[in-house]
$ cat target39.csv   # CSV, C-alpha atoms
chain,number,residue,atom,x,y,z
A,314,MET,CA,11.5,-95.9,59.0
A,315,LYS,CA,11.0,-99.0,57.0
A,316,LEU,CA,7.8,-99.7,59.0
A,317,PHE,CA,6.5,-96.2,58.2
A,318,LYS,CA,7.0,-96.7,54.5
A,319,ILE,CA,5.0,-99.9,54.6
A,320,PHE,CA,2.1,-98.2,56.3
A,321,LYS,CA,2.3,-95.3,53.9
A,322,LEU,CA,2.1,-97.6,50.9
A,323,SER,CA,-0.7,-99.6,52.4
A,324,MET,CA,-3.0,-96.6,53.1
A,325,PRO,CA,-4.7,-96.7,49.6
A,326,LEU,CA,-5.4,-100.4,50.2
A,327,LEU,CA,-6.9,-99.5,53.6
A,328,SER,CA,-9.2,-96.9,52.0
A,329,PHE,CA,-10.4,-99.5,49.5
A,330,ALA,CA,-11.0,-102.1,52.2
A,331,LEU,CA,-12.9,-99.6,54.4
A,332,LEU,CA,-15.0,-98.5,51.4
A,333,TRP,CA,-15.9,-102.2,50.7
A,334,CYS,CA,-16.8,-102.8,54.3
A,335,VAL,CA,-19.1,-99.8,54.7
A,336,ALA,CA,-20.7,-100.2,51.3
A,337,PRO,CA,-24.2,-101.7,51.4
A,338,GLN,CA,-24.2,-105.3,50.2
A,339,ALA,CA,-26.8,-106.4,47.6
A,340,ASN,CA,-29.9,-108.2,48.8
A,341,ALA,CA,-32.7,-110.2,47.3
A,342,ALA,CA,-35.9,-108.4,47.8
A,343,LEU,CA,-39.7,-108.3,47.6
A,344,LEU,CA,-41.0,-105.8,45.0
A,345,VAL,CA,-44.5,-104.5,45.5
A,346,GLY,CA,-46.5,-102.4,43.0
A,347,SER,CA,-48.0,-99.4,44.8
A,348,ARG,CA,-51.1,-98.3,42.9
A,349,ASN,CA,-51.8,-95.0,44.5
A,350,ASN,CA,-48.4,-93.4,43.8
A,351,ASN,CA,-47.6,-95.3,40.6
A,352,SER,CA,-44.3,-96.7,41.9
A,353,VAL,CA,-42.6,-100.0,42.8
A,354,LEU,CA,-41.3,-100.3,46.4
A,355,GLN,CA,-38.6,-102.7,47.6
A,356,TYR,CA,-38.6,-104.6,50.9
A,357,ASP,CA,-36.2,-107.0,52.6
A,358,GLU,CA,-37.2,-110.5,51.6
A,359,GLU,CA,-36.6,-111.9,55.1
A,360,THR,CA,-37.9,-109.1,57.4
A,361,GLY,CA,-40.3,-107.1,55.3
A,362,LYS,CA,-38.5,-103.9,56.2
A,363,PHE,CA,-38.7,-101.1,53.7
A,364,ILE,CA,-35.5,-100.7,51.7
A,365,ASP,CA,-36.2,-98.0,49.0
A,366,THR,CA,-38.3,-96.9,46.1
A,367,PHE,CA,-37.2,-99.2,43.3
A,368,ILE,CA,-39.2,-97.5,40.5
A,369,PRO,CA,-40.0,-93.8,41.3
A,370,PRO,CA,-43.6,-92.5,41.0
A,371,GLY,CA,-44.7,-92.0,37.5
A,372,SER,CA,-41.4,-93.1,36.0
A,373,GLY,CA,-41.8,-93.6,32.2
A,374,GLY,CA,-45.4,-92.3,32.4
A,375,LEU,CA,-46.5,-95.1,34.7
A,376,ASN,CA,-50.1,-94.6,35.7
A,377,LEU,CA,-52.0,-97.2,37.6
A,378,THR,CA,-49.6,-100.1,37.6
A,379,VAL,CA,-51.4,-103.5,37.6
A,380,GLY,CA,-49.5,-106.4,35.9
A,381,PHE,CA,-45.8,-107.4,36.1
A,382,ALA,CA,-43.6,-109.8,34.3
A,383,VAL,CA,-39.9,-110.6,34.0
A,384,GLY,CA,-38.4,-110.9,30.5
A,385,SER,CA,-35.7,-113.1,29.2
A,386,ASP,CA,-33.4,-110.1,29.4
A,387,ASN,CA,-34.0,-110.0,33.1
A,388,ASN,CA,-35.7,-106.6,32.8
A,389,TYR,CA,-39.1,-105.8,34.3
A,390,TYR,CA,-42.3,-105.2,32.3
A,391,LEU,CA,-45.2,-103.4,33.8
A,392,SER,CA,-48.7,-102.8,32.5
A,393,ASN,CA,-49.6,-99.1,32.4
A,394,LEU,CA,-53.3,-99.3,32.8
A,395,ALA,CA,-54.2,-95.7,32.4
A,396,GLY,CA,-51.5,-95.1,29.8
A,397,GLY,CA,-52.5,-98.0,27.6
A,398,SER,CA,-49.0,-99.3,27.2
A,399,ILE,CA,-46.4,-101.7,28.6
A,400,GLU,CA,-43.3,-100.1,30.1
A,401,ARG,CA,-39.9,-101.7,30.5
A,402,TYR,CA,-37.5,-101.1,33.4
A,403,ASN,CA,-34.0,-102.1,34.2
A,404,GLY,CA,-34.1,-105.2,36.4
A,405,GLN,CA,-31.1,-104.1,38.5
A,406,SER,CA,-31.5,-100.4,38.8
A,407,GLY,CA,-35.2,-99.8,38.2
A,408,ASP,CA,-34.4,-97.2,35.6
A,409,PHE,CA,-37.0,-96.7,32.8
A,410,ILE,CA,-35.8,-98.1,29.5
A,411,ASP,CA,-38.7,-97.7,27.1
A,412,SER,CA,-42.4,-98.2,26.3
A,413,PHE,CA,-41.9,-101.7,25.1
A,414,VAL,CA,-45.5,-101.9,23.8
A,415,PRO,CA,-46.6,-98.4,22.8
A,416,LYS,CA,-50.0,-97.0,23.5
A,417,ASN,CA,-52.8,-98.6,21.4
A,418,SER,CA,-50.4,-101.0,19.7
A,419,GLY,CA,-52.5,-103.8,18.2
A,420,GLY,CA,-55.6,-102.2,19.7
A,421,LEU,CA,-54.4,-102.5,23.2
A,422,LYS,CA,-56.7,-100.8,25.7
A,423,LEU,CA,-56.5,-100.8,29.5
A,424,PRO,CA,-53.8,-103.5,29.8
A,425,GLN,CA,-54.3,-105.7,32.9
A,426,ASP,CA,-52.1,-108.7,33.4
A,427,LEU,CA,-49.2,-109.9,31.3
A,428,ALA,CA,-47.0,-112.9,31.0
A,429,PHE,CA,-44.2,-114.2,28.8
A,430,GLY,CA,-45.1,-117.5,27.2
A,431,PRO,CA,-43.0,-120.6,26.6
A,432,ASP,CA,-42.4,-119.2,23.1
A,433,GLY,CA,-40.7,-116.2,24.6
A,434,ASN,CA,-43.4,-113.8,23.4
A,435,LEU,CA,-45.4,-111.4,25.6
A,436,TYR,CA,-49.1,-112.0,26.2
A,437,VAL,CA,-51.2,-109.1,27.4
A,438,ALA,CA,-54.8,-109.3,28.7
A,439,GLY,CA,-56.6,-106.1,28.0
A,440,THR,CA,-60.1,-104.7,28.1
A,441,ASN,CA,-61.8,-101.6,26.7
A,442,LEU,CA,-65.0,-102.2,28.8
A,443,ILE,CA,-66.8,-103.6,25.8
A,444,THR,CA,-64.5,-106.2,24.3
A,445,ASN,CA,-61.7,-108.2,25.9
A,446,THR,CA,-58.7,-109.8,24.3
A,447,VAL,CA,-55.4,-111.4,24.8
A,448,LEU,CA,-52.8,-109.8,22.5
A,449,ARG,CA,-49.5,-111.2,21.6
A,450,TYR,CA,-46.3,-109.2,21.1
A,451,ASP,CA,-42.8,-110.1,20.0
A,452,GLY,CA,-40.8,-110.9,23.2
A,453,LYS,CA,-37.7,-109.1,21.9
A,454,THR,CA,-39.0,-106.1,20.0
A,455,GLY,CA,-42.5,-105.5,21.4
A,456,ALA,CA,-43.9,-105.5,17.9
A,457,PHE,CA,-47.6,-106.6,17.7
A,458,ILE,CA,-48.0,-110.1,16.4
A,459,ASP,CA,-51.7,-110.9,16.6
A,460,THR,CA,-54.9,-111.2,18.7
A,461,PHE,CA,-54.1,-114.5,20.3
A,462,ILE,CA,-57.5,-114.9,22.1
A,463,SER,CA,-60.4,-112.9,20.6
A,464,SER,CA,-63.1,-111.1,22.5
A,465,ASP,CA,-65.8,-113.6,21.5
A,466,LYS,CA,-64.0,-116.3,23.5
A,467,ILE,CA,-63.7,-114.2,26.7
A,468,ASP,CA,-66.4,-113.2,29.1
A,469,PRO,CA,-67.1,-109.5,29.6
A,470,ALA,CA,-64.8,-107.7,32.0
A,471,ALA,CA,-63.0,-111.0,32.6
A,472,PRO,CA,-59.2,-110.9,31.9
A,473,PHE,CA,-57.9,-109.4,35.1
A,474,SER,CA,-55.4,-112.2,35.6
A,475,LEU,CA,-53.4,-114.2,33.0
A,476,THR,CA,-51.0,-117.0,33.7
A,477,PHE,CA,-49.4,-120.0,31.9
A,478,GLY,CA,-49.9,-123.3,33.7
A,479,PRO,CA,-47.5,-126.2,34.0
A,480,ASP,CA,-49.2,-127.6,30.9
A,481,HIS,CA,-48.1,-124.5,28.9
A,482,ASN,CA,-51.7,-123.5,28.4
A,483,ILE,CA,-53.2,-120.1,29.3
A,484,TYR,CA,-55.5,-119.6,32.3
A,485,LEU,CA,-57.8,-116.6,32.6
A,486,ASN,CA,-60.1,-115.6,35.3
A,487,SER,CA,-63.7,-114.6,34.6
A,488,ALA,CA,-65.0,-112.1,37.2
A,489,ILE,CA,-68.5,-112.2,35.7
A,490,THR,CA,-69.2,-115.9,35.6
A,491,GLY,CA,-66.8,-116.9,38.5
A,492,SER,CA,-65.0,-119.4,36.3
A,493,ILE,CA,-61.4,-120.0,35.4
A,494,LYS,CA,-61.0,-120.6,31.6
A,495,ARG,CA,-58.3,-122.5,29.9
A,496,TYR,CA,-57.0,-121.9,26.4
A,497,ASP,CA,-54.5,-123.7,24.2
A,498,GLY,CA,-51.1,-122.2,24.7
A,499,ASN,CA,-50.1,-122.7,21.0
A,500,THR,CA,-53.3,-121.7,19.2
A,501,GLY,CA,-55.4,-119.7,21.6
A,502,ALA,CA,-58.3,-122.0,21.1
A,503,PHE,CA,-60.7,-122.4,24.1
A,504,ILE,CA,-60.3,-125.7,25.9
A,505,ASP,CA,-62.7,-125.6,28.8
A,506,ASN,CA,-63.9,-124.0,32.0
A,507,PHE,CA,-61.1,-125.4,34.1
A,508,ALA,CA,-62.6,-124.5,37.5
A,509,ARG,CA,-65.5,-122.6,38.9
A,510,SER,CA,-65.6,-120.5,42.1
A,511,LYS,CA,-68.5,-120.6,44.6
A,512,PRO,CA,-71.6,-118.5,43.8
A,513,GLY,CA,-71.1,-114.8,44.5
A,514,SER,CA,-67.4,-114.8,44.3
A,515,VAL,CA,-65.1,-112.6,42.2
A,516,PRO,CA,-62.0,-114.7,41.2
A,517,GLY,CA,-58.9,-112.6,40.6
A,518,SER,CA,-55.2,-113.4,40.7
A,519,LEU,CA,-54.2,-116.9,39.5
A,520,THR,CA,-51.0,-118.5,40.7
A,521,PHE,CA,-49.7,-122.1,40.3
A,522,GLY,CA,-48.0,-123.1,43.5
A,523,PRO,CA,-44.9,-125.3,44.2
A,524,ASP,CA,-47.3,-128.2,44.5
A,525,SER,CA,-48.5,-127.5,40.9
A,526,ASN,CA,-52.0,-126.7,42.2
A,527,LEU,CA,-53.9,-123.5,41.2
A,528,TYR,CA,-54.4,-120.8,43.9
A,529,VAL,CA,-57.1,-118.2,43.2
A,530,ALA,CA,-57.6,-115.0,45.1
A,531,ASP,CA,-61.2,-113.9,45.6
A,532,PHE,CA,-61.6,-110.1,45.9
A,533,LYS,CA,-65.1,-110.3,47.2
A,534,THR,CA,-65.0,-113.2,49.7
A,535,ASN,CA,-61.4,-112.4,50.9
A,536,ASP,CA,-60.0,-115.9,50.7
A,537,ILE,CA,-57.5,-117.9,48.6
A,538,ALA,CA,-59.1,-121.1,47.0
A,539,ARG,CA,-57.0,-124.0,45.9
A,540,TYR,CA,-57.8,-126.2,42.9
A,541,ASN,CA,-56.2,-129.4,41.6
A,542,GLY,CA,-53.7,-128.2,39.0
A,543,LYS,CA,-54.5,-131.1,36.6
A,544,THR,CA,-58.3,-131.6,37.0
A,545,GLY,CA,-59.5,-128.2,38.2
A,546,GLU,CA,-61.3,-129.9,41.1
A,547,PHE,CA,-61.8,-127.7,44.2
A,548,ILE,CA,-59.5,-128.8,47.1
A,549,ASP,CA,-60.1,-126.3,49.8
A,550,PHE,CA,-60.0,-122.7,50.9
A,551,PHE,CA,-56.2,-122.6,51.5
A,552,VAL,CA,-56.5,-119.2,53.1
A,553,THR,CA,-59.9,-118.8,54.8
A,554,SER,CA,-62.0,-115.7,54.6
A,555,ASN,CA,-60.5,-112.7,56.3
A,556,SER,CA,-57.7,-114.7,57.8
A,557,GLY,CA,-55.2,-112.3,59.3
A,558,GLY,CA,-57.4,-109.4,58.3
A,559,LEU,CA,-57.2,-110.2,54.6
A,560,SER,CA,-59.4,-107.8,52.7
A,561,GLY,CA,-59.4,-107.4,49.0
A,562,PRO,CA,-56.6,-109.9,48.0
A,563,VAL,CA,-55.1,-108.8,44.7
A,564,LYS,CA,-52.0,-110.9,44.2
A,565,GLN,CA,-50.5,-113.9,45.8
A,566,THR,CA,-47.0,-115.4,45.4
A,567,PHE,CA,-44.9,-118.0,47.1
A,568,GLY,CA,-41.6,-116.8,48.5
A,569,SER,CA,-38.2,-118.5,48.7
A,570,ASP,CA,-39.1,-119.7,52.2
A,571,GLY,CA,-42.1,-121.6,50.7
A,572,ASN,CA,-44.7,-119.4,52.4
A,573,LEU,CA,-47.5,-117.6,50.7
A,574,TYR,CA,-47.5,-113.8,50.5
A,575,VAL,CA,-50.7,-111.9,49.6
A,576,SER,CA,-51.2,-108.2,48.8
A,577,SER,CA,-54.3,-107.0,50.7
A,578,ILE,CA,-55.4,-103.9,49.0
A,579,LEU,CA,-58.1,-102.7,51.3
A,580,THR,CA,-55.9,-103.0,54.4
A,581,ASN,CA,-52.9,-101.6,52.5
A,582,ASN,CA,-50.4,-104.3,53.6
A,583,VAL,CA,-48.8,-107.6,52.6
A,584,LEU,CA,-49.7,-110.7,54.6
A,585,ARG,CA,-47.8,-113.9,55.1
A,586,TYR,CA,-49.3,-117.4,55.4
A,587,ASN,CA,-47.8,-120.8,56.0
A,588,GLY,CA,-47.1,-122.4,52.6
A,589,LYS,CA,-48.1,-125.8,53.7
A,590,THR,CA,-51.2,-125.2,55.8
A,591,GLY,CA,-52.4,-121.7,54.8
A,592,ALA,CA,-52.4,-120.6,58.5
A,593,PHE,CA,-51.8,-116.9,59.0
A,594,ILE,CA,-48.2,-116.1,60.1
A,595,ASP,CA,-47.9,-112.3,60.3
A,596,THR,CA,-48.2,-108.9,58.6
A,597,PHE,CA,-45.1,-109.0,56.5
A,598,VAL,CA,-45.2,-105.5,55.2
A,599,PRO,CA,-47.2,-103.1,57.5
A,600,ALA,CA,-49.8,-100.7,56.2
A,601,GLY,CA,-48.3,-97.7,54.4
A,602,SER,CA,-44.7,-98.9,55.0
A,603,GLY,CA,-42.3,-96.8,52.8
A,604,GLY,CA,-45.3,-94.9,51.3
A,605,LEU,CA,-47.2,-98.1,50.2
A,606,GLY,CA,-50.5,-97.1,48.7
A,607,LYS,CA,-52.9,-100.0,47.6
A,608,PRO,CA,-50.4,-102.9,46.9
A,609,ARG,CA,-50.9,-104.7,43.7
A,610,PHE,CA,-48.4,-107.2,42.3
A,611,LEU,CA,-45.7,-109.0,44.3
A,612,TYR,CA,-42.4,-110.3,43.1
A,613,PHE,CA,-39.5,-111.9,44.9
A,614,THR,CA,-36.3,-111.1,43.0
A,615,LYS,CA,-34.2,-114.1,42.1
A,616,ASP,CA,-30.9,-112.2,42.2
A,617,ALA,CA,-29.6,-109.6,44.5
A,618,ILE,CA,-30.5,-106.0,43.8
A,619,ALA,CA,-27.9,-103.3,44.9
A,620,VAL,CA,-29.1,-101.0,47.6
A,621,PRO,CA,-28.4,-97.4,46.4
A,622,GLU,CA,-26.4,-95.3,48.7
A,623,SER,CA,-24.4,-92.0,48.5
A,624,ARG,CA,-21.1,-93.1,47.1
A,625,THR,CA,-19.7,-89.7,47.9
A,626,GLY,CA,-20.6,-90.2,51.5
A,627,LEU,CA,-18.9,-93.6,51.6
A,628,ALA,CA,-15.8,-92.2,49.9
A,629,LEU,CA,-15.6,-89.4,52.5
A,630,LEU,CA,-15.9,-91.9,55.3
A,631,ALA,CA,-13.1,-94.0,53.9
A,632,PHE,CA,-11.0,-90.9,53.3
A,633,ALA,CA,-11.5,-89.7,56.9
A,634,ALA,CA,-10.5,-93.0,58.3
A,635,THR,CA,-7.4,-93.1,56.1
A,636,LEU,CA,-6.5,-89.6,57.1
A,637,SER,CA,-6.8,-90.5,60.8
A,638,VAL,CA,-4.4,-93.4,60.3
A,639,GLY,CA,-2.1,-91.0,58.4
A,640,LYS,CA,-2.0,-88.6,61.4
A,641,VAL,CA,-1.2,-91.4,63.8
A,642,MET,CA,1.6,-92.7,61.6
A,643,GLY,CA,3.0,-89.1,61.2
A,644,SER,CA,3.2,-88.8,65.0
A,645,PHE,CA,4.8,-92.2,65.2
A,646,GLN,CA,7.5,-91.2,62.6
A,647,LYS,CA,8.3,-88.0,64.6
A,648,ARG,CA,8.9,-90.0,67.7
A,649,CYS,CA,11.1,-92.4,65.9
A,650,ASN,CA,13.3,-89.7,64.4
$ encode --input "target39.csv" --output "structure tokens"
Amino acid sequence: MKLFKIFKLSMPLLSFALLWCVAPQANAALLVGSRNNNSVLQYDEETGKFIDTFIPPGSGGLNLTVGFAVGSDNNYYLSNLAGGSIERYNGQSGDFIDSFVPKNSGGLKLPQDLAFGPDGNLYVAGTNLITNTVLRYDGKTGAFIDTFISSDKIDPAAPFSLTFGPDHNIYLNSAITGSIKRYDGNTGAFIDNFARSKPGSVPGSLTFGPDSNLYVADFKTNDIARYNGKTGEFIDFFVTSNSGGLSGPVKQTFGSDGNLYVSSILTNNVLRYNGKTGAFIDTFVPAGSGGLGKPRFLYFTKDAIAVPESRTGLALLAFAATLSVGKVMGSFQKRCN
């Protein structure tokens, strides 16, 4: 009888334990911007397997997502190209928070790339097809501060990628002249043409690697060039043309495993390359996986993101298990009496 009472009292604890065991554990993930359906998809950072849709299609009015940045609040900021605004989303749930930079704020047109600077403010590269600018916004409120880099200092149709270097200066690509321009990170003043791509190329995404060198994706020649991060001198084609089927590289980023991941927009997949040699490893995210349509930005989450599941289903499973135990113990009690 005493044994039965112990089991009876322990059943709620058993339910809790079962619920914890069957509940999906949080995982770090690769987030991929999917242009065609205006969403952000989530993939396992180790296997590339599709997990879920992290930001649903069109959430917050998202239309043609291009740029991505993480704020000091650990929330995610996405450029809404067609909407002409910057949208903010919860970094854990993917829920829409607000239009952090409203449409047309400070003259913003067709926002491309964006980055938070060392001063904590948000810098946005935008173009209206006639003039191009880098605009600065308050990193906490989204209020317009100023035109940090004016259009007369930027080549036509140039600012498709913006990044801060290890020297805290701003680097912009120039799709027209094939050059990488550097600007003072404090004043916005033009410093120099930091690097120049080979003739006929269209330099796109800019990424400083773990080796502090600059990696530049070329949309036209389908390669990733590497430049000395201090001098701008060309080193090599880290990923050679069409390696692994690369076609239309849009964004490259280094993963926690030290390898390089590239969104290949014309083949609709994400490719992985050896982070030391540039050799092709595999197709990390297959074409169309999870509804992927024209991958744009890539981001490896630093912290775990909870995998959503039906809590009702989990609770029912735990209840059913507990009920089964209760029936067994009821039979046991009858035999003992």
$ closest_residue --input "target39.csv" --among "A:Pro370, A:Leu448, A:Ser347, A:Gly433" --to "A:Ile399" --atoms "only C-alpha atoms"
A:Leu448
$ residues_near_point --input "target39.csv" --point "(-43.0, -102.7, 48.2)" --cutoff "12 Å" --atoms "all atoms listed in the file" --output "short mmCIF file (atom, residue, chain, number, x, y, z; two decimals) with C-alpha atoms, keeping the file's coordinate frame"
data_model
loop_
_atom_site.label_atom_id
_atom_site.label_comp_id
_atom_site.auth_asym_id
_atom_site.auth_seq_id
_atom_site.Cartn_x
_atom_site.Cartn_y
_atom_site.Cartn_z
CA ALA A 342 -35.90 -108.40 47.80
CA LEU A 343 -39.70 -108.30 47.60
CA LEU A 344 -41.00 -105.80 45.00
CA VAL A 345 -44.50 -104.50 45.50
CA GLY A 346 -46.50 -102.40 43.00
CA SER A 347 -48.00 -99.40 44.80
CA ARG A 348 -51.10 -98.30 42.90
CA ASN A 350 -48.40 -93.40 43.80
CA ASN A 351 -47.60 -95.30 40.60
CA SER A 352 -44.30 -96.70 41.90
CA VAL A 353 -42.60 -100.00 42.80
CA LEU A 354 -41.30 -100.30 46.40
CA GLN A 355 -38.60 -102.70 47.60
CA TYR A 356 -38.60 -104.60 50.90
CA ASP A 357 -36.20 -107.00 52.60
CA GLU A 358 -37.20 -110.50 51.60
CA GLY A 361 -40.30 -107.10 55.30
CA LYS A 362 -38.50 -103.90 56.20
CA PHE A 363 -38.70 -101.10 53.70
CA ILE A 364 -35.50 -100.70 51.70
CA ASP A 365 -36.20 -98.00 49.00
CA THR A 366 -38.30 -96.90 46.10
CA PHE A 367 -37.20 -99.20 43.30
CA ILE A 368 -39.20 -97.50 40.50
CA PRO A 369 -40.00 -93.80 41.30
CA SER A 576 -51.20 -108.20 48.80
CA ASN A 581 -52.90 -101.60 52.50
CA ASN A 582 -50.40 -104.30 53.60
CA VAL A 583 -48.80 -107.60 52.60
CA PHE A 597 -45.10 -109.00 56.50
CA VAL A 598 -45.20 -105.50 55.20
CA PRO A 599 -47.20 -103.10 57.50
CA ALA A 600 -49.80 -100.70 56.20
CA GLY A 601 -48.30 -97.70 54.40
CA SER A 602 -44.70 -98.90 55.00
CA GLY A 603 -42.30 -96.80 52.80
CA GLY A 604 -45.30 -94.90 51.30
CA LEU A 605 -47.20 -98.10 50.20
CA GLY A 606 -50.50 -97.10 48.70
CA LYS A 607 -52.90 -100.00 47.60
CA PRO A 608 -50.40 -102.90 46.90
CA ARG A 609 -50.90 -104.70 43.70
CA PHE A 610 -48.40 -107.20 42.30
CA LEU A 611 -45.70 -109.00 44.30
CA TYR A 612 -42.40 -110.30 43.10
CA PHE A 613 -39.50 -111.90 44.90
CA THR A 614 -36.30 -111.10 43.00
#
$ residues_around --input "target39.csv" --residues "A:Pro431" --least-positions-apart "6" --cutoff "10 Å" --atoms "only C-alpha atoms" --output "list in words"
Phe477, His481, Asn482, Gly498 and Asn499 of chain A
$ residues_near_point --input "target39.csv" --point "(-45.4, -115.3, 50.6)" --cutoff "9 Å" --atoms "all atoms listed in the file" --output "MDAnalysis selection string"
chainID A and resid 565:575 583:588 597 611 613
$ atom_distance --input "target39.csv" --atom1 "atom CA of A:Phe457" --atom2 "atom CA of A:Ala438"
13.4 Å
$ residues_around --input "target39.csv" --residues "A:Asp386" --least-positions-apart "2" --cutoff "10 Å" --atoms "only C-alpha atoms" --output "list in words"
Val383, Gly384, Asn388, Tyr389, Asn403, Gly404, Gly452 and Lys453 of chain A
$ atom_distance --input "target39.csv" --atom1 "atom CA of A:Ile578" --atom2 "atom CA of A:Phe429"
25.3 Å
$ atom_distance --input "target39.csv" --atom1 "atom CA of A:Ser577" --atom2 "atom CA of A:Lys533"
11.8 Å
$ closest_residue --input "target39.csv" --among "A:Leu435, A:Ile537, A:Leu527, A:Ile483" --to "A:Ser514" --atoms "all atoms listed in the file"
A:Ile537
$ closest_residue --input "target39.csv" --among "A:Pro512, A:Gly397, A:Gly371, A:Gly591" --to "A:Ser554" --atoms "only C-alpha atoms"
A:Gly591
$ closest_residue --input "target39.csv" --among "A:Val552, A:Ala428, A:Ala456, A:Ile493" --to "A:Tyr390" --atoms "all atoms listed in the file"
A:Ala428
$ residues_around --input "target39.csv" --residues "A:Ala395" --least-positions-apart "2" --cutoff "8 Å" --atoms "all atoms listed in the file" --output "number ranges by chain"
A: 376-377, 393, 397, 423
$ closest_residue --input "target39.csv" --among "A:Ser560, A:Ser385, A:Thr520, A:Ser398" --to "A:Asp536" --atoms "only C-alpha atoms"
A:Ser560
